[in-house]
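So this block is work_31.tsv, TSV, C-alpha atoms:
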chain	number	residue	atom	x	y	z
F	1	MET	CA	8.55	2.60	-43.64
F	2	THR	CA	5.93	2.28	-40.90
F	3	ALA	CA	5.02	5.58	-39.25
F	4	ARG	CA	5.58	5.75	-35.49
F	5	TRP	CA	1.89	6.44	-34.78
F	6	SER	CA	1.03	3.13	-36.43
F	7	THR	CA	3.59	1.24	-34.36
F	8	VAL	CA	2.23	2.81	-31.17
F	9	ALA	CA	-1.41	2.17	-32.12
F	10	THR	CA	-0.64	-1.46	-32.93
F	11	ALA	CA	1.21	-1.98	-29.64
F	12	ALA	CA	-1.69	-0.49	-27.70
F	13	GLY	CA	-4.28	-2.59	-29.54
F	14	LEU	CA	-5.86	0.42	-31.23
F	15	VAL	CA	-5.79	-0.81	-34.84
F	16	ALA	CA	-9.16	-2.01	-36.10
F	17	PRO	CA	-9.49	-4.90	-38.58
F	18	ASP	CA	-9.95	-2.37	-41.41
F	19	GLY	CA	-6.64	-0.70	-40.56
F	20	ASN	CA	-8.11	2.42	-39.02
F	21	THR	CA	-7.47	3.43	-35.42
F	22	ARG	CA	-10.13	2.92	-32.79
F	23	PRO	CA	-10.68	4.36	-29.29
F	24	THR	CA	-9.10	2.86	-26.20
F	25	ILE	CA	-11.09	0.12	-24.49
F	26	PHE	CA	-11.98	2.60	-21.75
F	27	ALA	CA	-13.42	5.13	-24.18
F	28	GLU	CA	-15.23	2.37	-26.08
F	29	MET	CA	-16.86	0.88	-22.99
F	30	THR	CA	-17.82	4.30	-21.64
F	31	ALA	CA	-19.48	5.11	-24.97
F	32	LEU	CA	-21.38	1.81	-24.87
F	33	ALA	CA	-22.42	2.51	-21.28
F	34	THR	CA	-23.67	5.98	-22.19
F	35	ALA	CA	-25.61	4.74	-25.20
F	36	ALA	CA	-27.30	2.00	-23.13
F	37	GLY	CA	-27.82	4.07	-19.98
F	38	ALA	CA	-25.68	1.49	-18.18
F	39	ALA	CA	-24.02	1.75	-14.78
F	40	ASN	CA	-20.41	2.32	-15.78
F	41	LEU	CA	-18.06	0.08	-13.82
F	42	GLY	CA	-15.60	0.03	-16.71
F	43	GLN	CA	-13.43	3.14	-16.51
F	44	GLY	CA	-11.67	3.65	-13.18
F	45	PHE	CA	-12.16	7.27	-12.23
F	46	PRO	CA	-13.83	8.50	-9.02
F	47	ASP	CA	-17.37	9.85	-8.98
F	48	THR	CA	-16.39	12.41	-6.34
F	49	ASP	CA	-13.69	15.08	-6.11
F	50	GLY	CA	-10.76	15.04	-3.74
F	51	PRO	CA	-10.57	16.84	-0.37
F	52	LEU	CA	-12.09	20.32	-0.43
F	53	TRP	CA	-9.25	21.83	1.59
F	54	VAL	CA	-6.74	20.67	-1.04
F	55	ARG	CA	-8.83	22.17	-3.84
F	56	GLU	CA	-9.09	25.43	-1.91
F	57	ILE	CA	-5.30	25.69	-1.80
F	58	ALA	CA	-5.18	25.35	-5.59
F	59	ARG	CA	-7.84	28.00	-6.01
F	60	ALA	CA	-5.95	30.38	-3.73
F	61	ALA	CA	-2.74	29.69	-5.64
F	62	ILE	CA	-4.42	30.73	-8.90
F	63	LEU	CA	-5.60	34.00	-7.37
F	64	ASP	CA	-2.21	34.57	-5.76
F	65	GLY	CA	-0.39	34.40	-9.08
F	66	ALA	CA	0.88	30.82	-9.44
F	67	ASN	CA	0.00	30.82	-13.13
F	68	GLN	CA	3.31	30.82	-14.98
F	69	TYR	CA	5.85	28.08	-15.68
F	70	PRO	CA	6.99	26.32	-12.51
F	71	PRO	CA	10.55	24.92	-12.46
F	72	GLY	CA	11.04	21.93	-14.75
F	73	ARG	CA	11.85	19.70	-11.78
F	74	GLY	CA	8.78	20.96	-9.89
F	75	ILE	CA	8.43	23.63	-7.23
F	76	PRO	CA	10.75	23.18	-4.22
F	77	GLU	CA	7.81	22.79	-1.80
F	78	LEU	CA	6.42	19.82	-3.71
F	79	ARG	CA	9.78	18.14	-4.19
F	80	SER	CA	10.45	18.47	-0.46
F	81	ALA	CA	7.00	17.06	0.34
F	82	ILE	CA	7.60	14.09	-1.97
F	83	ALA	CA	10.95	13.41	-0.30
F	84	ALA	CA	9.35	13.66	3.15
F	85	HIS	CA	6.56	11.31	2.04
F	86	GLN	CA	9.07	8.67	0.91
F	87	LEU	CA	10.94	8.91	4.20
F	88	ARG	CA	7.83	8.91	6.43
F	89	HIS	CA	6.06	6.00	4.75
F	90	TYR	CA	8.94	3.81	3.56
F	91	GLY	CA	12.18	4.97	5.17
F	92	ILE	CA	13.53	5.96	1.74
F	93	THR	CA	15.86	8.97	1.80
F	94	VAL	CA	16.01	11.05	-1.39
F	95	ASP	CA	17.45	14.50	-2.02
F	96	PRO	CA	14.64	16.81	-3.13
F	97	GLU	CA	17.12	18.89	-5.12
F	98	SER	CA	18.56	16.12	-7.27
F	99	GLU	CA	16.58	12.89	-6.76
F	100	VAL	CA	12.98	14.07	-7.24
F	101	MET	CA	11.22	15.14	-10.44
F	102	VAL	CA	7.61	16.32	-10.80
F	103	SER	CA	5.75	15.27	-13.95
F	104	ALA	CA	2.44	15.61	-15.75
F	105	GLY	CA	1.01	12.55	-14.04
F	106	ALA	CA	2.66	9.17	-13.65
F	107	THR	CA	2.15	8.45	-17.36
F	108	GLU	CA	4.56	11.19	-18.41
F	109	ALA	CA	7.16	10.06	-15.87
F	110	LEU	CA	6.90	6.48	-17.13
F	111	THR	CA	7.11	7.51	-20.78
F	112	ALA	CA	10.01	9.89	-20.22
F	113	THR	CA	11.89	7.18	-18.33
F	114	LEU	CA	11.46	4.64	-21.10
F	115	LEU	CA	12.47	7.15	-23.76
F	116	ALA	CA	15.52	8.07	-21.70
F	117	PHE	CA	16.91	4.58	-21.26
F	118	VAL	CA	15.80	2.23	-24.03
F	119	GLY	CA	15.76	2.10	-27.80
F	120	PRO	CA	15.89	-0.34	-30.71
F	121	GLY	CA	17.63	-3.56	-29.72
F	122	ASP	CA	16.71	-3.22	-26.04
F	123	GLU	CA	13.97	-5.11	-24.20
F	124	VAL	CA	11.51	-3.91	-21.56
F	125	VAL	CA	9.88	-6.56	-19.37
F	126	THR	CA	6.46	-5.95	-17.77
F	127	LEU	CA	3.95	-8.04	-15.92
F	128	GLU	CA	0.95	-9.17	-17.97
F	129	PRO	CA	-1.87	-8.12	-17.89
F	130	PHE	CA	-0.42	-4.60	-18.16
F	131	TYR	CA	-1.78	-1.06	-18.25
F	132	ASP	CA	-2.14	-0.06	-21.90
F	133	SER	CA	0.16	2.98	-21.80
F	134	TYR	CA	3.13	0.69	-21.10
F	135	ALA	CA	2.92	-0.95	-24.50
F	136	ALA	CA	2.46	2.42	-26.20
F	137	ALA	CA	5.45	4.01	-24.48
F	138	ILE	CA	7.67	1.01	-25.19
F	139	ALA	CA	6.66	1.22	-28.85
F	140	MET	CA	7.53	4.94	-28.88
F	141	SER	CA	11.01	4.06	-27.68
F	142	GLY	CA	11.55	1.41	-30.35
F	143	ALA	CA	12.38	-1.25	-27.75
F	144	GLU	CA	10.86	-4.73	-27.67
F	145	HIS	CA	8.13	-5.47	-25.13
F	146	ARG	CA	8.42	-8.80	-23.28
F	147	THR	CA	5.97	-9.92	-20.62
F	148	VAL	CA	5.68	-12.10	-17.54
F	149	PRO	CA	2.20	-13.56	-16.97
F	150	LEU	CA	0.53	-13.13	-13.61
F	151	ARG	CA	-1.25	-16.42	-13.07
F	152	ALA	CA	-4.73	-16.72	-11.57
F	153	THR	CA	-4.65	-18.79	-8.38
F	154	ALA	CA	-6.84	-19.25	-5.34
F	155	ASP	CA	-4.57	-16.65	-3.74
F	156	GLY	CA	-5.08	-14.05	-6.44
F	157	PHE	CA	-2.97	-13.33	-9.52
F	158	ARG	CA	0.61	-14.29	-8.65
F	159	LEU	CA	4.10	-14.08	-10.11
F	160	VAL	CA	6.00	-17.30	-10.87
F	161	GLU	CA	9.80	-17.11	-10.77
F	162	ALA	CA	10.31	-19.41	-13.76
F	163	ASP	CA	8.13	-17.12	-15.89
F	164	LEU	CA	10.14	-14.08	-14.83
F	165	ARG	CA	13.46	-15.70	-15.64
F	166	ALA	CA	12.17	-16.90	-19.01
F	167	ALA	CA	11.27	-13.32	-19.95
F	168	MET	CA	14.70	-11.91	-19.09
F	169	SER	CA	17.62	-11.86	-21.52
F	170	ALA	CA	20.95	-10.15	-22.07
F	171	ARG	CA	19.02	-7.38	-23.83
F	172	THR	CA	16.71	-6.62	-20.89
F	173	ARG	CA	17.32	-2.98	-20.04
F	174	ILE	CA	14.26	-2.16	-17.91
F	175	LEU	CA	11.90	-4.11	-15.67
F	176	LEU	CA	8.67	-2.09	-15.44
F	177	ILE	CA	6.72	-3.25	-12.39
F	178	ASN	CA	3.26	-2.13	-11.28
F	179	SER	CA	2.17	-2.86	-7.69
F	180	PRO	CA	-0.51	-2.53	-6.44
F	181	HIS	CA	-1.36	-3.92	-9.84
F	182	ASN	CA	-3.87	-2.60	-12.35
F	183	PRO	CA	-5.89	-4.45	-13.59
F	184	THR	CA	-5.73	-7.48	-11.27
F	185	GLY	CA	-5.70	-5.83	-7.83
F	186	THR	CA	-2.63	-7.86	-6.83
F	187	VAL	CA	-0.16	-6.46	-4.29
F	188	LEU	CA	3.21	-8.07	-4.84
F	189	ARG	CA	4.47	-9.96	-1.80
F	190	PRO	CA	7.99	-10.09	-0.31
F	191	ASP	CA	8.97	-13.30	-2.12
F	192	GLU	CA	7.77	-11.89	-5.45
F	193	LEU	CA	9.62	-8.62	-4.89
F	194	ARG	CA	12.78	-10.56	-4.10
F	195	MET	CA	12.42	-12.50	-7.36
F	196	ILE	CA	12.24	-9.21	-9.26
F	197	ALA	CA	15.20	-7.72	-7.41
F	198	ASP	CA	17.32	-10.82	-8.05
F	199	ALA	CA	16.40	-10.85	-11.74
F	200	ALA	CA	17.17	-7.15	-12.14
F	201	GLN	CA	20.54	-7.47	-10.45
F	202	ALA	CA	21.47	-10.56	-12.46
F	203	SER	CA	20.70	-8.71	-15.70
F	204	ASP	CA	22.00	-5.33	-14.53
F	205	ALA	CA	18.59	-3.88	-15.45
F	206	ILE	CA	16.98	-0.67	-14.25
F	207	VAL	CA	13.71	-1.20	-12.36
F	208	VAL	CA	10.92	1.29	-12.98
F	209	THR	CA	8.01	1.03	-10.57
F	210	ASP	CA	4.48	2.30	-11.12
F	211	GLU	CA	3.18	2.82	-7.59
F	212	VAL	CA	0.15	5.06	-8.20
F	213	TYR	CA	-2.09	2.86	-6.01
F	214	GLU	CA	0.52	2.69	-3.23
F	215	HIS	CA	-1.88	3.79	-0.46
F	216	LEU	CA	-4.97	1.96	-1.69
F	217	THR	CA	-4.44	-1.50	-0.20
F	218	PHE	CA	-6.85	-3.64	1.83
F	219	ASP	CA	-7.08	-6.48	4.35
F	220	GLY	CA	-3.65	-5.83	5.78
F	221	ALA	CA	-1.86	-6.05	2.42
F	222	VAL	CA	1.26	-3.89	2.52
F	223	HIS	CA	2.84	-2.07	-0.40
F	224	THR	CA	6.62	-2.37	-0.26
F	225	PRO	CA	8.57	-0.25	-2.75
F	226	LEU	CA	11.24	-2.22	-4.59
F	227	ALA	CA	13.67	0.61	-3.82
F	228	THR	CA	13.70	-0.53	-0.18
F	229	LEU	CA	15.17	-3.95	-0.98
F	230	PRO	CA	18.92	-4.51	-0.57
F	231	GLY	CA	20.88	-3.40	-3.62
F	232	MET	CA	17.84	-1.86	-5.33
F	233	ALA	CA	17.93	1.85	-4.42
F	234	GLU	CA	20.74	2.54	-6.88
F	235	ARG	CA	18.91	0.95	-9.83
F	236	THR	CA	15.24	1.85	-9.14
F	237	ILE	CA	13.14	4.76	-10.36
F	238	SER	CA	9.95	4.94	-8.27
F	239	ILE	CA	6.96	6.65	-9.89
F	240	SER	CA	3.67	7.71	-8.33
F	241	SER	CA	1.11	10.50	-8.46
F	242	ALA	CA	-1.56	12.35	-6.52
F	243	GLY	CA	-4.38	11.28	-8.84
F	244	LYS	CA	-5.41	8.03	-7.16
F	245	THR	CA	-4.23	8.89	-3.64
F	246	PHE	CA	-6.36	12.05	-3.40
F	247	SER	CA	-9.06	11.38	-6.07
F	248	LEU	CA	-7.69	14.19	-8.24
F	249	THR	CA	-7.02	12.26	-11.42
F	250	GLY	CA	-7.54	15.28	-13.68
F	251	TRP	CA	-4.82	17.31	-12.02
F	252	LYS	CA	-2.09	15.11	-13.52
F	253	ILE	CA	0.54	15.77	-10.86
F	254	GLY	CA	2.99	12.88	-10.70
F	255	TRP	CA	6.61	12.36	-9.75
F	256	ALA	CA	9.65	10.16	-10.04
F	257	THR	CA	12.30	9.56	-7.39
F	258	GLY	CA	15.60	7.74	-7.65
F	259	PRO	CA	19.36	8.15	-8.00
F	260	ALA	CA	20.41	11.64	-9.11
F	261	ASP	CA	22.06	10.49	-12.33
F	262	LEU	CA	19.01	8.48	-13.43
F	263	ILE	CA	16.58	11.28	-12.59
F	264	SER	CA	18.78	13.76	-14.47
F	265	HIS	CA	18.62	11.56	-17.58
F	266	VAL	CA	14.82	11.29	-17.31
F	267	LEU	CA	14.53	15.06	-16.87
F	268	THR	CA	16.53	15.55	-20.06
F	269	VAL	CA	13.71	13.87	-21.96
F	270	LYS	CA	10.81	15.10	-19.83
F	271	GLN	CA	11.66	18.76	-20.40
F	272	PHE	CA	10.90	18.30	-24.09
F	273	LEU	CA	7.53	16.65	-23.43
F	274	THR	CA	5.63	19.10	-21.20
F	275	TYR	CA	8.62	20.98	-19.75
F	276	SER	CA	6.46	21.81	-16.71
F	277	GLY	CA	2.85	22.34	-15.73
F	278	GLY	CA	0.20	22.44	-13.03
F	279	ALA	CA	1.65	25.56	-11.38
F	280	PRO	CA	-1.28	26.24	-9.00
F	281	LEU	CA	-1.82	22.53	-8.36
F	282	GLN	CA	1.70	21.78	-7.20
F	283	PRO	CA	1.49	23.75	-3.91
F	284	ALA	CA	-1.85	22.07	-3.17
F	285	ILE	CA	-0.36	18.59	-3.66
F	286	ALA	CA	2.63	19.57	-1.52
F	287	ARG	CA	0.24	20.30	1.35
F	288	ALA	CA	-1.81	17.17	0.64
F	289	LEU	CA	1.27	14.96	0.88
F	290	SER	CA	2.32	16.67	4.11
F	291	ASP	CA	-1.05	16.94	5.87
F	292	GLY	CA	-3.38	14.53	4.09
F	293	ASP	CA	-2.74	11.18	5.78
F	294	ALA	CA	-6.18	11.23	7.41
F	295	ASP	CA	-7.79	11.80	4.01
F	296	ILE	CA	-5.85	8.86	2.60
F	297	ARG	CA	-7.06	6.58	5.40
F	298	GLU	CA	-10.64	7.73	4.89
F	299	LEU	CA	-10.46	7.02	1.17
F	300	ARG	CA	-8.86	3.62	1.73
F	301	ASP	CA	-11.54	2.61	4.25
F	302	SER	CA	-14.30	3.79	1.94
F	303	LEU	CA	-12.83	1.87	-1.00
F	304	ALA	CA	-12.48	-1.29	1.10
F	305	GLU	CA	-16.17	-1.07	1.99
F	306	ARG	CA	-17.20	-0.51	-1.61
F	307	ARG	CA	-14.97	-3.36	-2.77
F	308	ASP	CA	-16.71	-5.68	-0.31
F	309	VAL	CA	-20.12	-4.56	-1.58
F	310	LEU	CA	-19.16	-5.20	-5.20
F	311	VAL	CA	-17.51	-8.56	-4.53
F	312	ALA	CA	-20.52	-9.78	-2.53
F	313	GLY	CA	-22.84	-8.61	-5.29
F	314	LEU	CA	-20.83	-10.34	-7.99
F	315	HIS	CA	-20.82	-13.56	-6.00
F	316	THR	CA	-24.57	-13.53	-5.50
F	317	ALA	CA	-24.98	-12.91	-9.23
F	318	GLY	CA	-22.82	-15.97	-9.94
F	319	PHE	CA	-19.46	-14.45	-10.88
F	320	PRO	CA	-16.34	-16.03	-9.36
F	321	THR	CA	-13.84	-13.28	-8.45
F	322	SER	CA	-10.13	-13.04	-7.81
F	323	GLN	CA	-8.74	-11.73	-4.54
F	324	THR	CA	-8.40	-7.95	-4.64
F	325	GLU	CA	-5.70	-6.62	-2.31
F	326	GLY	CA	-5.46	-3.10	-3.74
F	327	THR	CA	-6.35	-0.58	-6.49
F	328	TYR	CA	-9.86	0.28	-7.72
F	329	PHE	CA	-10.65	-3.03	-9.41
F	330	VAL	CA	-12.17	-6.50	-9.04
F	331	CYS	CA	-11.56	-9.16	-11.67
F	332	ALA	CA	-14.37	-11.63	-12.28
F	333	ASP	CA	-14.64	-14.74	-14.40
F	334	ALA	CA	-17.59	-14.45	-16.79
F	335	LYS	CA	-17.34	-18.10	-17.84
F	336	PRO	CA	-20.71	-19.05	-16.24
F	337	PHE	CA	-22.43	-16.54	-18.55
F	338	LEU	CA	-20.64	-17.11	-21.85
F	339	THR	CA	-22.78	-18.20	-24.80
F	340	ASP	CA	-22.37	-18.77	-28.51
F	341	ALA	CA	-23.17	-15.08	-28.99
F	342	THR	CA	-20.68	-13.99	-26.32
F	343	PRO	CA	-18.00	-16.72	-26.36
F	344	ASP	CA	-15.34	-14.87	-24.39
F	345	GLY	CA	-14.84	-11.98	-21.98
F	346	ASP	CA	-14.23	-9.52	-24.80
F	347	ALA	CA	-17.59	-10.21	-26.46
F	348	PHE	CA	-19.32	-10.47	-23.10
F	349	ALA	CA	-18.07	-7.07	-21.94
F	350	ARG	CA	-19.15	-5.39	-25.14
F	351	ALA	CA	-22.61	-6.95	-24.91
F	352	LEU	CA	-23.18	-6.44	-21.18
F	353	PRO	CA	-24.33	-2.78	-21.33
F	354	GLU	CA	-27.28	-3.85	-23.49
F	355	LEU	CA	-27.81	-7.23	-21.85
F	356	ALA	CA	-27.68	-6.09	-18.23
F	357	GLY	CA	-27.29	-2.31	-18.12
F	358	VAL	CA	-23.76	-2.59	-16.66
F	359	ALA	CA	-20.38	-1.82	-18.22
F	360	CYS	CA	-17.07	-3.54	-17.43
F	361	VAL	CA	-13.80	-4.09	-19.32
F	362	PRO	CA	-12.45	-7.38	-20.72
F	363	LEU	CA	-9.25	-8.41	-18.96
F	364	SER	CA	-7.76	-9.53	-22.27
F	365	ALA	CA	-7.66	-5.85	-23.29
F	366	PHE	CA	-4.69	-5.54	-20.92
F	367	CYS	CA	-2.74	-8.30	-22.69
F	368	ALA	CA	-0.77	-8.65	-25.88
F	369	PRO	CA	-3.03	-10.16	-28.57
F	370	GLY	CA	-2.62	-13.92	-28.73
F	371	SER	CA	-0.29	-14.13	-25.74
F	372	GLU	CA	-0.39	-16.90	-23.17
F	373	ALA	CA	-1.72	-14.41	-20.63
F	374	ALA	CA	-4.47	-13.29	-23.00
F	375	ARG	CA	-5.57	-16.88	-23.48
F	376	SER	CA	-5.50	-17.60	-19.75
F	377	VAL	CA	-7.80	-14.64	-18.93
F	378	ALA	CA	-9.96	-14.91	-22.04
F	379	SER	CA	-13.16	-15.30	-19.99
F	380	TRP	CA	-12.31	-12.66	-17.38
F	381	VAL	CA	-13.58	-9.10	-17.03
F	382	ARG	CA	-12.71	-6.16	-14.74
F	383	PHE	CA	-15.16	-4.08	-12.70
F	384	THR	CA	-14.26	-0.90	-10.83
F	385	PHE	CA	-15.61	-0.05	-7.38
F	386	VAL	CA	-14.35	3.55	-7.23
F	387	LYS	CA	-17.93	4.71	-7.78
F	388	ASP	CA	-20.68	6.17	-5.67
F	389	ARG	CA	-22.48	3.56	-3.59
F	390	SER	CA	-25.72	4.18	-5.47
F	391	VAL	CA	-24.00	3.32	-8.77
F	392	LEU	CA	-22.65	0.09	-7.29
F	393	ASP	CA	-26.05	-0.86	-5.87
F	394	THR	CA	-27.70	-0.23	-9.23
F	395	ALA	CA	-25.09	-2.31	-11.04
F	396	ILE	CA	-25.42	-5.19	-8.58
F	397	ASP	CA	-29.21	-5.22	-8.83
F	398	ARG	CA	-28.97	-5.31	-12.62
F	399	LEU	CA	-26.40	-8.08	-12.64
F	400	ARG	CA	-28.53	-10.19	-10.31
F	401	ALA	CA	-31.53	-9.66	-12.56
F	402	PHE	CA	-29.44	-10.58	-15.59
F	403	ALA	CA	-28.16	-13.73	-13.91
F	404	ALA	CA	-31.69	-14.78	-12.96
F	405	GLU	CA	-33.00	-14.65	-16.53

What does this structure look like when you write it as structure tokens?
Amino acid sequence: MTARWSTVATAAGLVAPDGNTRPTIFAEMTALATAAGAANLGQGFPDTDGPLWVREIARAAILDGANQYPPGRGIPELRSAIAAHQLRHYGITVDPESEVMVSAGATEALTATLLAFVGPGDEVVTLEPFYDSYAAAIAMSGAEHRTVPLRATADGFRLVEADLRAAMSARTRILLINSPHNPTGTVLRPDELRMIADAAQASDAIVVTDEVYEHLTFDGAVHTPLATLPGMAERTISISSAGKTFSLTGWKIGWATGPADLISHVLTVKQFLTYSGGAPLQPAIARALSDGDADIRELRDSLAERRDVLVAGLHTAGFPTSQTEGTYFVCADAKPFLTDATPDGDAFARALPELAGVACVPLSAFCAPGSEAARSVASWVRFTFVKDRSVLDTAIDRLRAFAAE
């Protein structure tokens, strides 16, 4: 009998050829960057902390005694702030008492949701490329992971309806959708959202949305939650977190909203994962969600500027790039630089810290091994721009020098 850890490691691509486990691609590329003294544009975490006034609230909460277990659903102030956020930004009405749940980051909410609703014999459909924790959580549940490729076009990575319908079956229990999309930077458009809604309704599937980059969109791209589409509120669990919105990724304060019965089922599982946590951080995030819109706009504007700097630098170095409408990431095609020694994006990314003093991540690391999507992005890599401007400038200078050799 195969142990569950092995199933999870295999699904997440963490089994080495010798059978041992290996680090995630993010840990591996960061280690290579450190060893080479490279500018690390691989792992997507900010170089700077979130707003000082939000951190001050957390510090005060520690000193004021918010150091014991908070309620399993989250403190009332935060649940009310989440509900108010959904109404203010999207016109979504949820009851903070029964339709909101606070979690240890979006990852826990996603995992608890999958464990609550699927098991052996069920199927979970995701877009591909996909964030690596999806495959791991699906493997934990025992369900089968099916994927829908996002296809590279002149208009960015896009969803094709025929691909979506081909992935669905009578056993599809959950559609797990990420928009704005990591790793491609795609923001799903109204026609794509309608495709997903129609497919979910036809299969009577639950839709689980990963919306952690919801406020980090550019060039007029608009994030539209699937829960706002006709007929979708009753079958959608919307998940987000404060990590990306306020550059507080280490706080791990996330949440899920949706119909009371679905949230209750998720909470049944979630309470046996962490039960609760982040007691002094929850009041700070409650205030951030209520009073932090100006901080969100400032971050979004800063990221848009840094994205433009990175894209321009990649172009001058000779890398074609895909359109980036949101998130922290730019995808670039390394095909002009592939050689016999680095025949694909995977080998290129692993060699780049030594070759150029810059770290990135191969896009194929976000795909199932051997899949159609993996083959289609075999030459592509992902760079992050959520870094200090000096780090971006250094990376661009090094890439230009590398390209000129």

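Residue neighbourhood of region 338-347 of chain F, excluding near-sequence residues (fewer than 2 positions): Asp333, Ala334, Lys335, Pro336, Ala349, Arg350, Ala351, Leu352, Val361, Pro362, Leu363, Ser364, Ala365, Val377, Ala378, Ser379, Trp380 and Val381 of chain F, at 9 Å, using only C-alpha atoms.
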
Keeping only C-alpha atoms, take the residues you just selected and write them out as an mmCIF file, in the coordinates of the input.
data_model
loop_
_atom_site.group_PDB
_atom_site.id
_atom_site.type_symbol
_atom_site.label_atom_id
_atom_site.label_comp_id
_atom_site.auth_asym_id
_atom_site.auth_seq_id
_atom_site.Cartn_x
_atom_site.Cartn_y
_atom_site.Cartn_z
ATOM 1 C CA ASP F 333 -14.640 -14.740 -14.400
ATOM 2 C CA ALA F 334 -17.590 -14.450 -16.790
ATOM 3 C CA LYS F 335 -17.340 -18.100 -17.840
ATOM 4 C CA PRO F 336 -20.710 -19.050 -16.240
ATOM 5 C CA ALA F 349 -18.070 -7.070 -21.940
ATOM 6 C CA ARG F 350 -19.150 -5.390 -25.140
ATOM 7 C CA ALA F 351 -22.610 -6.950 -24.910
ATOM 8 C CA LEU F 352 -23.180 -6.440 -21.180
ATOM 9 C CA VAL F 361 -13.800 -4.090 -19.320
ATOM 10 C CA PRO F 362 -12.450 -7.380 -20.720
ATOM 11 C CA LEU F 363 -9.250 -8.410 -18.960
ATOM 12 C CA SER F 364 -7.760 -9.530 -22.270
ATOM 13 C CA ALA F 365 -7.660 -5.850 -23.290
ATOM 14 C CA VAL F 377 -7.800 -14.640 -18.930
ATOM 15 C CA ALA F 378 -9.960 -14.910 -22.040
ATOM 16 C CA SER F 379 -13.160 -15.300 -19.990
ATOM 17 C CA TRP F 380 -12.310 -12.660 -17.380
ATOM 18 C CA VAL F 381 -13.580 -9.100 -17.030
#

Length of the CA of Gln86 (chain F) to CA of Ile253 (chain F) vector [Å]: 16.2 Å

Residue list as a PyMOL selection string for point (13.4, 20.5, -15.4), cut-off 10 Å, all atoms listed in the file: chain F and resi 70-74+101-103+264+266-272+274-276

Please identify every residue of region 19-99 of chain F that has at least one atom no farther than 8 Å from an atom of region 390-400 of chain F, counting all atoms listed in the file, and for each give the shortest atom pair and the distance in Å to one decimal, arranged by chain then increasing number, as a tab-separated table.
residue	atom	partner	partner_atom	distance
F:Ala39	CA	F:Ala395	CA	5.6
F:Asn40	CA	F:Val391	CA	7.9
F:Leu41	CA	F:Ala395	CA	7.9

Nearby residues (all atoms listed in the file) at most 9 Å from region 198-206 of chain F, same-chain spacing under 2 positions excluded, as a PyMOL selection string: chain F and resi 117+164-165+168-176+193-196+208+231-232+234-237

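Here CA of Asn178 (chain F) is placed at a distance of 4.6 Å from CA of Asp210 (chain F).
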
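The coordinates place CA of Asp163 (chain F) at 11.3 Å from CA of Val125 (chain F).
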
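Distance check against Glu214 (chain F) using all atoms listed in the file: of F:Ile296, F:Leu150, F:Ala166, F:Ala279, the minimum falls on F:Ile296.
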
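In terms of minimum interatomic distance to Ala403 (chain F), F:Leu314 ranks closest within F:Ala112, F:Ala359, F:Ala139, F:Leu314, counting all atoms listed in the file.
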
Neighbour residues at most 8 Å from (13.1, 4.4, -23.5) (only C-alpha atoms) as JSON, numbers by chain: {"F": [111, 112, 113, 114, 115, 116, 117, 118, 119, 137, 138, 140, 141, 142, 143]}

Test item: residues at most 9 Å from Pro96 (chain F), all atoms listed in the file, excluding those fewer than 6 positions along its chain, as a PyMOL selection string: chain F and resi 76+78-84+257

May I ask you to restore N, CA, C and O atoms in region 326-332 of chain F and write the result as a CSV table (one decimal), in the frame of the given file?
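Result saved to rebuild25.csv:
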chain,number,residue,atom,x,y,z
F,326,GLY,N,-5.7,-4.5,-3.6
F,326,GLY,CA,-5.5,-3.1,-3.7
F,326,GLY,C,-6.1,-2.6,-5.0
F,326,GLY,O,-6.7,-3.3,-5.8
F,327,THR,N,-5.9,-1.3,-5.3
F,327,THR,CA,-6.4,-0.6,-6.5
F,327,THR,C,-7.8,-0.3,-6.4
F,327,THR,O,-8.4,-0.3,-5.3
F,328,TYR,N,-8.4,0.0,-7.6
F,328,TYR,CA,-9.9,0.3,-7.7
F,328,TYR,C,-10.7,-0.9,-8.3
F,328,TYR,O,-11.9,-0.7,-8.6
F,329,PHE,N,-10.1,-2.1,-8.5
F,329,PHE,CA,-10.6,-3.0,-9.4
F,329,PHE,C,-10.8,-4.4,-8.8
F,329,PHE,O,-10.0,-4.9,-8.0
F,330,VAL,N,-11.9,-5.1,-9.3
F,330,VAL,CA,-12.2,-6.5,-9.0
F,330,VAL,C,-12.2,-7.2,-10.4
F,330,VAL,O,-12.9,-6.8,-11.3
F,331,CYS,N,-11.5,-8.3,-10.5
F,331,CYS,CA,-11.6,-9.2,-11.7
F,331,CYS,C,-12.5,-10.3,-11.4
F,331,CYS,O,-12.5,-11.0,-10.4
F,332,ALA,N,-13.4,-10.6,-12.4
F,332,ALA,CA,-14.4,-11.6,-12.3
F,332,ALA,C,-14.3,-12.5,-13.5
F,332,ALA,O,-14.1,-12.0,-14.6
